$ cat protein-v5.cif   # mmCIF, C-alpha atoms
data_input
#
loop_
_atom_site.label_atom_id
_atom_site.label_comp_id
_atom_site.auth_asym_id
_atom_site.auth_seq_id
_atom_site.Cartn_x
_atom_site.Cartn_y
_atom_site.Cartn_z
CA MET A 1 122.67 132.12 110.51
CA ALA A 2 120.37 131.83 113.56
CA ARG A 3 118.64 128.52 114.18
CA VAL A 4 114.97 128.51 113.21
CA THR A 5 112.76 127.89 116.25
CA MET A 6 109.24 126.60 116.78
CA GLN A 7 108.25 130.18 117.64
CA ASP A 8 109.40 131.24 114.17
CA VAL A 9 107.23 128.53 112.59
CA ALA A 10 104.26 129.65 114.71
CA ARG A 11 104.63 133.26 113.53
CA GLU A 12 105.03 132.18 109.91
CA ALA A 13 102.00 129.88 110.02
CA GLY A 14 99.84 132.27 112.05
CA PHE A 15 99.08 129.85 114.87
CA SER A 16 100.09 129.51 118.49
CA VAL A 17 103.24 127.67 119.56
CA ALA A 18 101.03 125.09 121.29
CA THR A 19 99.18 124.36 118.03
CA VAL A 20 102.44 124.04 116.09
CA SER A 21 103.76 121.69 118.76
CA ARG A 22 100.69 119.48 118.46
CA VAL A 23 101.14 119.28 114.69
CA LEU A 24 104.84 118.50 114.83
CA THR A 25 104.58 115.93 117.62
CA GLY A 26 101.29 114.38 116.55
CA SER A 27 100.24 114.26 120.19
CA ARG A 28 96.68 115.39 119.43
CA ARG A 29 94.47 115.46 116.37
CA VAL A 30 94.58 118.78 114.50
CA ARG A 31 92.44 119.98 111.59
CA PRO A 32 93.92 119.01 108.20
CA ASP A 33 94.06 122.63 106.99
CA VAL A 34 96.03 123.63 110.10
CA VAL A 35 98.43 120.72 109.59
CA ARG A 36 99.01 121.76 105.98
CA ALA A 37 99.65 125.38 106.95
CA VAL A 38 102.11 124.45 109.72
CA ARG A 39 103.94 121.95 107.52
CA ALA A 40 104.20 124.51 104.73
CA ALA A 41 105.65 127.08 107.14
CA GLN A 42 108.06 124.50 108.51
CA GLU A 43 109.25 123.71 104.99
CA ARG A 44 109.64 127.36 103.99
CA LEU A 45 111.75 128.13 107.04
CA GLY A 46 113.69 124.86 106.95
CA TYR A 47 112.76 124.04 110.54
CA ARG A 48 113.80 120.62 111.81
CA THR A 49 112.84 119.32 115.21
CA ASN A 50 115.64 118.48 117.62
CA GLN A 51 114.69 114.89 118.37
CA LEU A 52 117.25 114.44 121.15
CA ALA A 53 116.21 117.59 123.00
CA SER A 54 112.56 116.69 122.60
CA ALA A 55 113.17 113.21 123.92
CA LEU A 56 115.00 114.56 126.96
CA ARG A 57 112.21 117.02 127.73
CA ARG A 58 109.50 114.42 127.36
CA GLN A 59 111.50 111.54 128.80
CA ALA A 60 110.68 109.68 125.60
CA THR A 61 112.69 108.27 122.71
CA GLY A 62 110.41 109.31 119.86
CA THR A 63 110.30 105.72 118.62
CA VAL A 64 107.48 103.23 118.28
CA GLY A 65 107.95 99.47 118.08
CA MET A 66 105.95 97.22 115.76
CA VAL A 67 105.76 93.43 115.61
CA VAL A 68 104.00 91.55 112.80
CA PRO A 69 103.61 87.77 112.43
CA GLN A 70 105.26 87.51 109.01
CA ILE A 71 106.70 90.48 107.14
CA SER A 72 106.74 88.54 103.85
CA ASN A 73 102.93 88.45 103.85
CA PRO A 74 101.96 91.24 101.38
CA PHE A 75 99.19 92.47 103.66
CA PHE A 76 101.57 93.03 106.58
CA THR A 77 104.11 94.66 104.27
CA ALA A 78 101.49 97.17 103.14
CA LEU A 79 100.35 97.72 106.73
CA VAL A 80 103.90 98.45 107.90
CA GLN A 81 104.31 100.98 105.08
CA ALA A 82 101.08 102.73 106.08
CA VAL A 83 102.15 102.86 109.73
CA GLU A 84 105.61 104.17 108.87
CA ARG A 85 104.18 106.96 106.71
CA SER A 86 101.90 108.13 109.51
CA LEU A 87 104.64 107.93 112.13
CA HIS A 88 107.03 109.88 109.90
CA ARG A 89 104.50 112.71 109.59
CA SER A 90 104.31 112.89 113.38
CA GLY A 91 108.10 112.93 113.78
CA HIS A 92 108.34 109.43 115.27
CA GLY A 93 110.63 106.63 114.19
CA LEU A 94 109.65 102.99 113.71
CA LEU A 95 111.48 99.92 114.98
CA LEU A 96 110.07 96.90 113.13
CA CYS A 97 110.34 93.24 114.13
CA ASP A 98 109.20 90.04 112.40
CA GLY A 99 107.59 87.53 114.76
CA GLU A 100 108.30 84.73 112.26
CA GLU A 101 104.91 83.14 112.99
CA SER A 102 106.21 81.91 116.35
CA PRO A 103 104.85 82.99 119.76
CA ASP A 104 108.29 82.48 121.28
CA VAL A 105 110.03 84.65 118.67
CA GLU A 106 107.23 87.21 118.95
CA ALA A 107 107.68 87.44 122.74
CA GLU A 108 111.45 87.81 122.35
CA ARG A 109 110.99 90.61 119.80
CA VAL A 110 108.61 92.43 122.13
CA ARG A 111 111.10 92.19 124.99
CA THR A 112 113.82 93.58 122.71
CA LEU A 113 111.70 96.57 121.75
CA LEU A 114 110.81 97.29 125.37
CA ALA A 115 114.50 97.11 126.28
CA ARG A 116 115.14 99.76 123.62
CA GLN A 117 112.74 102.05 125.49
CA VAL A 118 110.16 102.46 122.73
CA ASP A 119 107.44 104.92 123.69
CA GLY A 120 104.68 102.58 122.58
CA LEU A 121 104.03 99.36 120.72
CA LEU A 122 101.93 98.33 117.73
CA ILE A 123 101.47 94.58 117.56
CA VAL A 124 99.66 92.14 115.30
CA PRO A 125 99.36 89.16 117.67
CA TYR A 126 100.22 85.84 116.06
CA ASP A 127 97.94 83.63 118.16
CA ALA A 128 94.82 84.43 120.19
CA GLU A 129 95.96 82.33 123.17
CA GLN A 130 99.74 81.92 122.86
CA SER A 131 100.34 85.64 122.27
CA ALA A 132 98.03 86.85 125.05
CA ALA A 133 100.55 86.86 127.91
CA CYS A 134 103.13 88.70 125.81
CA VAL A 135 100.64 91.43 124.83
CA ARG A 136 99.34 91.81 128.38
CA GLU A 137 102.84 92.17 129.81
CA ALA A 138 103.81 94.76 127.21
CA ALA A 139 100.63 96.74 127.88
CA ASN A 140 101.62 96.95 131.54
CA GLU A 141 104.83 98.77 130.55
CA VAL A 142 103.95 101.00 127.58
CA PRO A 143 100.84 102.00 125.62
CA VAL A 144 99.95 99.20 123.20
CA VAL A 145 97.65 99.16 120.19
CA GLN A 146 96.69 95.76 118.81
CA LEU A 147 96.40 96.03 115.06
CA ASP A 148 94.44 93.74 112.71
CA ARG A 149 94.33 90.90 115.25
CA VAL A 150 93.32 91.04 118.91
CA VAL A 151 93.90 88.96 122.03
CA SER A 152 91.65 89.25 125.04
CA GLY A 153 92.54 90.39 128.53
CA ALA A 154 95.08 93.08 127.57
CA LYS A 155 94.56 96.67 128.70
CA SER A 156 95.16 98.08 125.25
CA ASP A 157 93.40 99.78 122.38
CA SER A 158 92.72 97.83 119.19
CA VAL A 159 92.26 98.81 115.54
CA ALA A 160 91.05 96.31 112.95
CA VAL A 161 88.78 95.92 109.98
CA ASP A 162 85.25 94.64 110.58
CA ASN A 163 85.95 91.09 109.41
CA GLU A 164 82.43 89.83 110.02
CA LEU A 165 80.91 92.62 107.95
CA GLY A 166 83.39 91.98 105.13
CA MET A 167 82.60 88.28 104.97
CA ALA A 168 78.87 88.89 105.19
CA GLU A 169 79.07 91.32 102.28
CA MET A 170 81.10 88.84 100.23
CA VAL A 171 78.48 86.11 100.72
CA ARG A 172 75.80 88.61 99.75
CA HIS A 173 77.76 89.64 96.63
CA LEU A 174 78.07 86.01 95.53
CA ALA A 175 74.35 85.42 96.08
CA ILE A 176 73.52 88.44 93.92
CA GLN A 177 75.80 86.98 91.23
CA GLY A 178 73.80 83.76 91.43
CA TYR A 179 76.18 81.62 93.50
CA GLN A 180 74.34 79.88 96.33
CA GLN A 181 76.36 76.66 96.81
CA LEU A 182 79.62 77.77 98.42
CA ALA A 183 82.76 76.29 99.92
CA PHE A 184 85.07 78.02 102.38
CA VAL A 185 88.84 77.67 102.53
CA GLY A 186 90.28 79.36 105.60
CA SER A 187 92.71 79.14 108.48
CA GLN A 188 92.28 77.32 111.75
CA PRO A 189 90.66 79.88 114.12
CA THR A 190 93.79 80.38 116.21
CA ASN A 191 93.67 84.17 115.83
CA SER A 192 90.85 86.69 115.85
CA THR A 193 90.99 87.35 112.11
CA ALA A 194 90.58 83.70 111.18
CA ALA A 195 87.91 83.15 113.83
CA GLU A 196 85.81 86.17 112.84
CA ARG A 197 85.88 85.37 109.12
CA LEU A 198 84.99 81.73 109.71
CA ARG A 199 82.16 82.63 112.10
CA ALA A 200 80.68 85.11 109.64
CA TYR A 201 80.90 82.66 106.75
CA LEU A 202 79.13 79.92 108.72
CA ALA A 203 76.38 82.30 109.78
CA HIS A 204 75.68 83.99 106.48
CA ALA A 205 76.49 81.27 103.95
CA GLY A 206 74.78 78.67 106.14
CA ALA A 207 71.64 80.78 106.24
CA ARG A 208 71.44 80.58 102.43
CA ASP A 209 72.26 76.87 102.10
CA GLU A 210 72.71 74.54 105.07
CA ASN A 211 75.24 72.46 103.10
CA ASN A 212 77.54 75.47 102.92
CA ARG A 213 78.34 74.89 106.59
CA HIS A 214 79.81 71.49 105.77
CA ARG A 215 81.95 72.59 102.82
CA VAL A 216 84.66 74.10 105.03
CA LEU A 217 88.38 73.38 104.79
CA LEU A 218 90.72 74.87 107.39
CA GLY A 219 94.52 75.10 107.32
CA ASP A 220 96.54 78.32 107.45
CA PHE A 221 96.86 81.65 105.64
CA SER A 222 99.21 80.40 102.89
CA THR A 223 99.24 79.72 99.16
CA ALA A 224 100.48 76.19 99.84
CA TRP A 225 97.38 75.46 101.90
CA GLY A 226 95.23 77.00 99.16
CA GLN A 227 96.77 74.69 96.58
CA LYS A 228 96.06 71.60 98.67
CA ALA A 229 92.53 72.68 99.52
CA GLY A 230 91.81 73.52 95.89
CA GLY A 231 92.85 70.03 94.87
CA ASP A 232 90.64 68.51 97.58
CA ILE A 233 87.64 70.51 96.37
CA VAL A 234 88.15 69.43 92.76
CA ALA A 235 88.32 65.80 93.87
CA GLY A 236 84.96 66.04 95.66
CA GLU A 237 81.56 67.59 95.08
CA MET A 238 82.12 70.91 93.33
CA PRO A 239 80.44 74.03 94.74
CA ALA A 240 79.44 76.98 92.56
CA ALA A 241 81.97 79.28 94.24
CA ILE A 242 84.84 79.16 96.71
CA VAL A 243 85.27 81.83 99.39
CA CYS A 244 88.81 82.17 100.76
CA ALA A 245 89.76 83.71 104.09
CA ASN A 246 92.59 85.69 102.50
CA ASP A 247 94.05 86.37 99.08
CA LEU A 248 97.11 84.17 99.57
CA ILE A 249 94.83 81.18 100.04
CA ALA A 250 92.83 82.27 96.99
CA LEU A 251 95.98 82.41 94.86
CA GLY A 252 96.80 78.84 95.84
CA VAL A 253 93.25 77.66 95.15
CA LEU A 254 93.31 79.38 91.75
CA ASP A 255 96.55 77.62 90.86
CA ALA A 256 94.99 74.26 91.75
CA LEU A 257 91.82 74.95 89.78
CA LEU A 258 93.72 76.01 86.68
CA GLY A 259 96.03 73.02 87.05
CA HIS A 260 93.00 70.73 86.85
CA GLY A 261 91.84 72.40 83.65
CA LEU A 262 88.99 74.39 85.21
CA HIS A 263 88.05 77.90 84.11
CA VAL A 264 87.30 80.66 86.61
CA PRO A 265 84.56 81.84 86.82
CA ASP A 266 82.92 79.77 84.03
CA ASP A 267 83.33 76.45 85.87
CA ILE A 268 83.65 77.78 89.40
CA ALA A 269 83.88 81.27 90.93
CA LEU A 270 86.50 82.37 93.43
CA ALA A 271 86.78 85.18 95.99
CA GLY A 272 89.42 86.29 98.50
CA PHE A 273 89.85 88.69 101.40
CA ASP A 274 92.39 91.54 101.87
CA ASP A 275 92.78 92.83 98.28
CA ILE A 276 96.56 92.57 98.08
CA ALA A 277 98.29 93.98 95.00
CA PHE A 278 98.47 90.52 93.36
CA ALA A 279 94.67 90.46 93.14
CA THR A 280 94.80 92.75 90.11
CA LEU A 281 97.85 91.13 88.49
CA ILE A 282 96.59 87.57 88.12
CA ARG A 283 94.16 86.38 85.45
CA PRO A 284 91.34 86.26 86.07
CA THR A 285 91.59 89.24 88.40
CA LEU A 286 90.45 88.35 91.90
CA THR A 287 87.27 89.55 93.59
CA SER A 288 88.22 90.41 97.15
CA VAL A 289 87.25 92.21 100.34
CA ARG A 290 89.44 95.29 100.46
CA GLN A 291 91.00 96.24 103.77
CA PRO A 292 91.64 100.02 103.80
CA VAL A 293 95.28 99.59 104.78
CA ASP A 294 96.20 103.28 104.77
CA GLU A 295 93.26 104.05 107.04
CA LEU A 296 94.11 101.16 109.35
CA GLY A 297 97.71 102.30 109.69
CA ALA A 298 96.83 105.95 110.20
CA GLU A 299 94.15 105.17 112.78
CA ALA A 300 96.48 102.86 114.70
CA VAL A 301 99.12 105.60 114.86
CA ARG A 302 96.57 108.25 115.89
CA THR A 303 95.27 105.97 118.61
CA LEU A 304 98.74 105.20 119.94
CA LEU A 305 99.89 108.82 119.93
CA SER A 306 96.70 109.85 121.68
CA ARG A 307 97.32 107.20 124.31
CA LEU A 308 100.90 108.41 124.75
CA SER A 309 99.65 111.88 125.61
CA ARG A 310 96.78 110.60 127.77
CA LYS A 311 97.55 107.27 129.36
CA ASP A 312 94.35 106.92 131.35
CA GLY A 313 90.87 106.02 130.16
CA MET A 314 89.16 102.87 128.96
CA PRO A 315 90.68 100.91 126.06
CA ARG A 316 89.11 101.71 122.72
CA LYS A 317 87.95 99.16 120.17
CA ILE A 318 88.01 100.69 116.68
CA ARG A 319 86.60 98.77 113.73
CA ILE A 320 86.92 100.07 110.17
CA GLN A 321 84.51 99.15 107.39
CA PRO A 322 85.90 97.13 104.45
CA GLU A 323 84.49 97.07 100.93
CA ILE A 324 83.85 94.46 98.25
CA VAL A 325 85.88 94.84 95.05
CA PRO A 326 84.18 92.76 92.32
CA ARG A 327 86.46 91.46 89.58
CA GLN A 328 86.63 88.77 86.92
CA SER A 329 86.87 85.75 89.26
CA THR A 330 83.20 86.12 90.22
CA GLY A 331 82.01 87.19 86.79
CA ALA A 332 82.29 90.95 87.30
CA THR A 333 82.08 93.13 84.20
CA THR A 334 85.19 94.63 82.61
CA SER A 335 84.29 98.11 83.86
CA ALA A 336 83.81 96.85 87.41
CA SER A 337 87.16 95.05 87.26
CA ALA A 338 88.90 98.18 86.01
CA GLU A 339 87.36 100.18 88.81
CA GLY A 340 88.59 97.64 91.32
CA CYS A 341 92.13 97.88 89.96
CA SER A 342 92.32 101.57 90.77
CA GLY A 343 91.93 101.19 94.51
CA THR A 344 94.41 100.84 97.34
CA SER A 345 96.07 97.46 97.58
CA GLY A 346 96.03 95.80 100.95
CA GLY A 347 96.85 92.35 102.15
#
$ encode --input "protein-v5.cif" --output "structure tokens"
Amino acid sequence: MARVTMQDVAREAGFSVATVSRVLTGSRRVRPDVVRAVRAAQERLGYRTNQLASALRRQATGTVGMVVPQISNPFFTALVQAVERSLHRSGHGLLLCDGEESPDVEAERVRTLLARQVDGLLIVPYDAEQSAACVREAANEVPVVQLDRVVSGAKSDSVAVDNELGMAEMVRHLAIQGYQQLAFVGSQPTNSTAAERLRAYLAHAGARDENNRHRVLLGDFSTAWGQKAGGDIVAGEMPAAIVCANDLIALGVLDALLGHGLHVPDDIALAGFDDIAFATLIRPTLTSVRQPVDELGAEAVRTLLSRLSRKDGMPRKIRIQPEIVPRQSTGATTSASAEGCSGTSGG
């Protein structure tokens, strides 16, 4: 039986070979209806791309490297899944590395991926300063997209959620619910995510109550830190609500509050950021700022593939809008909580 060719797929789908090639390689954005038609024709004919031949023609490996600070963090796990799905649709493979929350390990992982001749790199930088040299050096060799977190000085595109907007909207949501006296539990501003969320909290919560600026506890993005901070808050002057810089911190704070016999939200309200899957599994369910993880992953892949096909031009800074998901921990109604449970889980 003769091998099915791209020309056969083009005839079956009713489009040019060039259009079919763009769909199958993901090198340029194509209308969704065209993508569906080409993919359907590909499936009907049983066409499979010859990755080796394609790589030889393009002098590319068809693989993309990705480095995240900590793969066990549910947010990064979800982000990797979103990236892998988008890369798979474009015919690219993913080589994933865990930076183990260490700039030295992160740099070693990046060097390993570059040695494997990846076509491009997606990286979530661990530290704003300590990761900068590593990202800059990688961007001098292959197209790089910084995802979720960003270091300065690198000639690379970046895709992230609008952290400042998300935090501002959370403060506004709490004010509407009647919570004016707030405390913030976050991470030391050693990366762009932590810095942006802290800056937005200080600006918007401080504008509502000057004392909110002083009720700030900073550690790291972990449940252990949340537990300690929650205990410290209970031992001092209690605010009306606690805003956490991510959901892992919020889970730790909740554990501490419940351990001290407090009821959420009756005694104190609680909110997180990221909307990981656990936010809907705990009781009370957690109000959070949802990061659209699927959109983040897809946009990062589109940006990288576009840069692979067109390596010139100014770096692009893409920011995606988050949304507030009200749930029981801030006194949301049952219907609002149910609606929040139906959305995409992030991290």
$ residues_around --input "protein-v5.cif" --residues "region 106-123 of chain A" --least-positions-apart "5" --cutoff "8 Å" --atoms "only C-alpha atoms" --output "PyMOL selection string"
chain A and resi 60-69+95+97-101+131+134-135+138+142-147+300+304+308
$ resolve_selection --input "protein-v5.cif" --expression "the PyMOL selection byres ((chain A and resi 247) around 12)" --output "CSV table (one decimal) with C-alpha atoms, in the coordinates of the input"
chain,number,residue,atom,x,y,z
A,73,ASN,CA,102.9,88.4,103.8
A,74,PRO,CA,102.0,91.2,101.4
A,75,PHE,CA,99.2,92.5,103.7
A,185,VAL,CA,88.8,77.7,102.5
A,186,GLY,CA,90.3,79.4,105.6
A,187,SER,CA,92.7,79.1,108.5
A,220,ASP,CA,96.5,78.3,107.4
A,221,PHE,CA,96.9,81.6,105.6
A,222,SER,CA,99.2,80.4,102.9
A,223,THR,CA,99.2,79.7,99.2
A,225,TRP,CA,97.4,75.5,101.9
A,226,GLY,CA,95.2,77.0,99.2
A,242,ILE,CA,84.8,79.2,96.7
A,243,VAL,CA,85.3,81.8,99.4
A,244,CYS,CA,88.8,82.2,100.8
A,245,ALA,CA,89.8,83.7,104.1
A,246,ASN,CA,92.6,85.7,102.5
A,248,LEU,CA,97.1,84.2,99.6
A,249,ILE,CA,94.8,81.2,100.0
A,250,ALA,CA,92.8,82.3,97.0
A,251,LEU,CA,96.0,82.4,94.9
A,252,GLY,CA,96.8,78.8,95.8
A,253,VAL,CA,93.2,77.7,95.2
A,254,LEU,CA,93.3,79.4,91.8
A,270,LEU,CA,86.5,82.4,93.4
A,271,ALA,CA,86.8,85.2,96.0
A,272,GLY,CA,89.4,86.3,98.5
A,273,PHE,CA,89.8,88.7,101.4
A,274,ASP,CA,92.4,91.5,101.9
A,275,ASP,CA,92.8,92.8,98.3
A,276,ILE,CA,96.6,92.6,98.1
A,277,ALA,CA,98.3,94.0,95.0
A,278,PHE,CA,98.5,90.5,93.4
A,279,ALA,CA,94.7,90.5,93.1
A,280,THR,CA,94.8,92.8,90.1
A,282,ILE,CA,96.6,87.6,88.1
A,285,THR,CA,91.6,89.2,88.4
A,286,LEU,CA,90.4,88.4,91.9
A,287,THR,CA,87.3,89.6,93.6
A,288,SER,CA,88.2,90.4,97.2
A,289,VAL,CA,87.2,92.2,100.3
A,290,ARG,CA,89.4,95.3,100.5
A,291,GLN,CA,91.0,96.2,103.8
A,345,SER,CA,96.1,97.5,97.6
A,346,GLY,CA,96.0,95.8,101.0
A,347,GLY,CA,96.8,92.4,102.2
$ residues_around --input "protein-v5.cif" --residues "region 13-24 of chain A" --least-positions-apart "3" --cutoff "10 Å" --atoms "all atoms listed in the file" --output "PyMOL selection string"
chain A and resi 6-10+27-32+34-42+48-49+89-92
$ residues_around --input "protein-v5.cif" --residues "Thr193 (chain A)" --least-positions-apart "2" --cutoff "8 Å" --atoms "only C-alpha atoms" --output "list in words"
Asp148, Arg149, Asn163, Pro189, Asn191, Ala195, Glu196 and Arg197 of chain A
$ atom_distance --input "protein-v5.cif" --atom1 "CA of Phe76 (chain A)" --atom2 "CA of Val161 (chain A)"
13.5 Å
$ atom_distance --input "protein-v5.cif" --atom1 "CA of Lys228 (chain A)" --atom2 "CA of Tyr201 (chain A)"
20.4 Å
$ resolve_selection --input "protein-v5.cif" --expression "the PyMOL selection byres ((chain A and resi 205) around 10)" --output "list of chain:residue names"
A:Met167, A:Ala168, A:Met170, A:Val171, A:Arg172, A:Leu174, A:Ala175, A:Gln180, A:Gln181, A:Leu182, A:Ala183, A:Phe184, A:Ala200, A:Tyr201, A:Leu202, A:Ala203, A:His204, A:Gly206, A:Ala207, A:Arg208, A:Asp209, A:Glu210, A:Asn211, A:Asn212, A:Arg213, A:Val243
$ atom_distance --input "protein-v5.cif" --atom1 "CA of Ala82 (chain A)" --atom2 "CA of Gly297 (chain A)"
5.0 Å
$ closest_residue --input "protein-v5.cif" --among "A:His214, A:Glu141, A:Glu169, A:Glu84" --to "Val325 (chain A)" --atoms "all atoms listed in the file"
A:Glu169
$ residues_near_point --input "protein-v5.cif" --point "(83.7, 81.1, 89.6)" --cutoff "9 Å" --atoms "all atoms listed in the file" --output "NGL selection string"
:A and (179 or 240-242 or 263-271 or 328-331)
$ closest_residue --input "protein-v5.cif" --among "A:Val105, A:Val159, A:Met238, A:Val151" --to "Pro125 (chain A)" --atoms "all atoms listed in the file"
A:Val151
$ closest_residue --input "protein-v5.cif" --among "A:Gln227, A:Leu281, A:Ala139, A:Leu296" --to "Leu258 (chain A)" --atoms "all atoms listed in the file"
A:Gln227
$ closest_residue --input "protein-v5.cif" --among "A:Glu323, A:Asp255, A:Asp232, A:Asp33" --to "Gly166 (chain A)" --atoms "only C-alpha atoms"
A:Glu323
$ closest_residue --input "protein-v5.cif" --among "A:Glu237, A:Gln177, A:Arg302, A:Gly230" --to "Leu257 (chain A)" --atoms "all atoms listed in the file"
A:Gly230
$ closest_residue --input "protein-v5.cif" --among "A:Arg283, A:Glu164, A:Gly259, A:Gly231" --to "Gln321 (chain A)" --atoms "all atoms listed in the file"
A:Glu164
$ decode --input "protein-v5.cif" --residues "region 227-258 of chain A" --atoms "C-alpha atoms" --output "mmCIF file, in the first residue's frame"
data_model
loop_
_atom_site.group_PDB
_atom_site.id
_atom_site.type_symbol
_atom_site.label_atom_id
_atom_site.label_comp_id
_atom_site.auth_asym_id
_atom_site.auth_seq_id
_atom_site.Cartn_x
_atom_site.Cartn_y
_atom_site.Cartn_z
ATOM 1 C CA GLN A 227 1.144 26.808 58.685
ATOM 2 C CA LYS A 228 3.758 28.851 60.532
ATOM 3 C CA ALA A 229 2.360 32.165 59.341
ATOM 4 C CA GLY A 230 -1.179 31.116 60.255
ATOM 5 C CA GLY A 231 -0.048 30.350 63.786
ATOM 6 C CA ASP A 232 1.706 33.722 64.023
ATOM 7 C CA ILE A 233 -1.449 35.533 62.908
ATOM 8 C CA VAL A 234 -3.604 33.718 65.472
ATOM 9 C CA ALA A 235 -1.140 34.663 68.205
ATOM 10 C CA GLY A 236 -1.366 38.366 67.345
ATOM 11 C CA GLU A 237 -4.024 40.880 66.370
ATOM 12 C CA MET A 238 -6.528 39.072 64.162
ATOM 13 C CA PRO A 239 -7.494 40.638 60.827
ATOM 14 C CA ALA A 240 -10.889 40.097 59.210
ATOM 15 C CA ALA A 241 -9.377 38.167 56.288
ATOM 16 C CA ILE A 242 -6.071 36.691 55.158
ATOM 17 C CA VAL A 243 -4.880 37.010 51.557
ATOM 18 C CA CYS A 244 -2.325 34.391 50.484
ATOM 19 C CA ALA A 245 0.083 34.710 47.576
ATOM 20 C CA ASN A 246 -0.696 31.182 46.392
ATOM 21 C CA ASP A 247 -3.006 28.304 47.248
ATOM 22 C CA LEU A 248 -0.298 26.169 48.859
ATOM 23 C CA ILE A 249 0.279 28.905 51.421
ATOM 24 C CA ALA A 250 -3.491 29.196 51.903
ATOM 25 C CA LEU A 251 -3.786 25.456 52.589
ATOM 26 C CA GLY A 252 -1.150 25.758 55.305
ATOM 27 C CA VAL A 253 -2.822 28.815 56.818
ATOM 28 C CA LEU A 254 -6.184 27.022 56.813
ATOM 29 C CA ASP A 255 -4.668 24.060 58.633
ATOM 30 C CA ALA A 256 -3.277 26.394 61.300
ATOM 31 C CA LEU A 257 -6.572 28.255 61.712
ATOM 32 C CA LEU A 258 -8.573 25.064 62.071
#
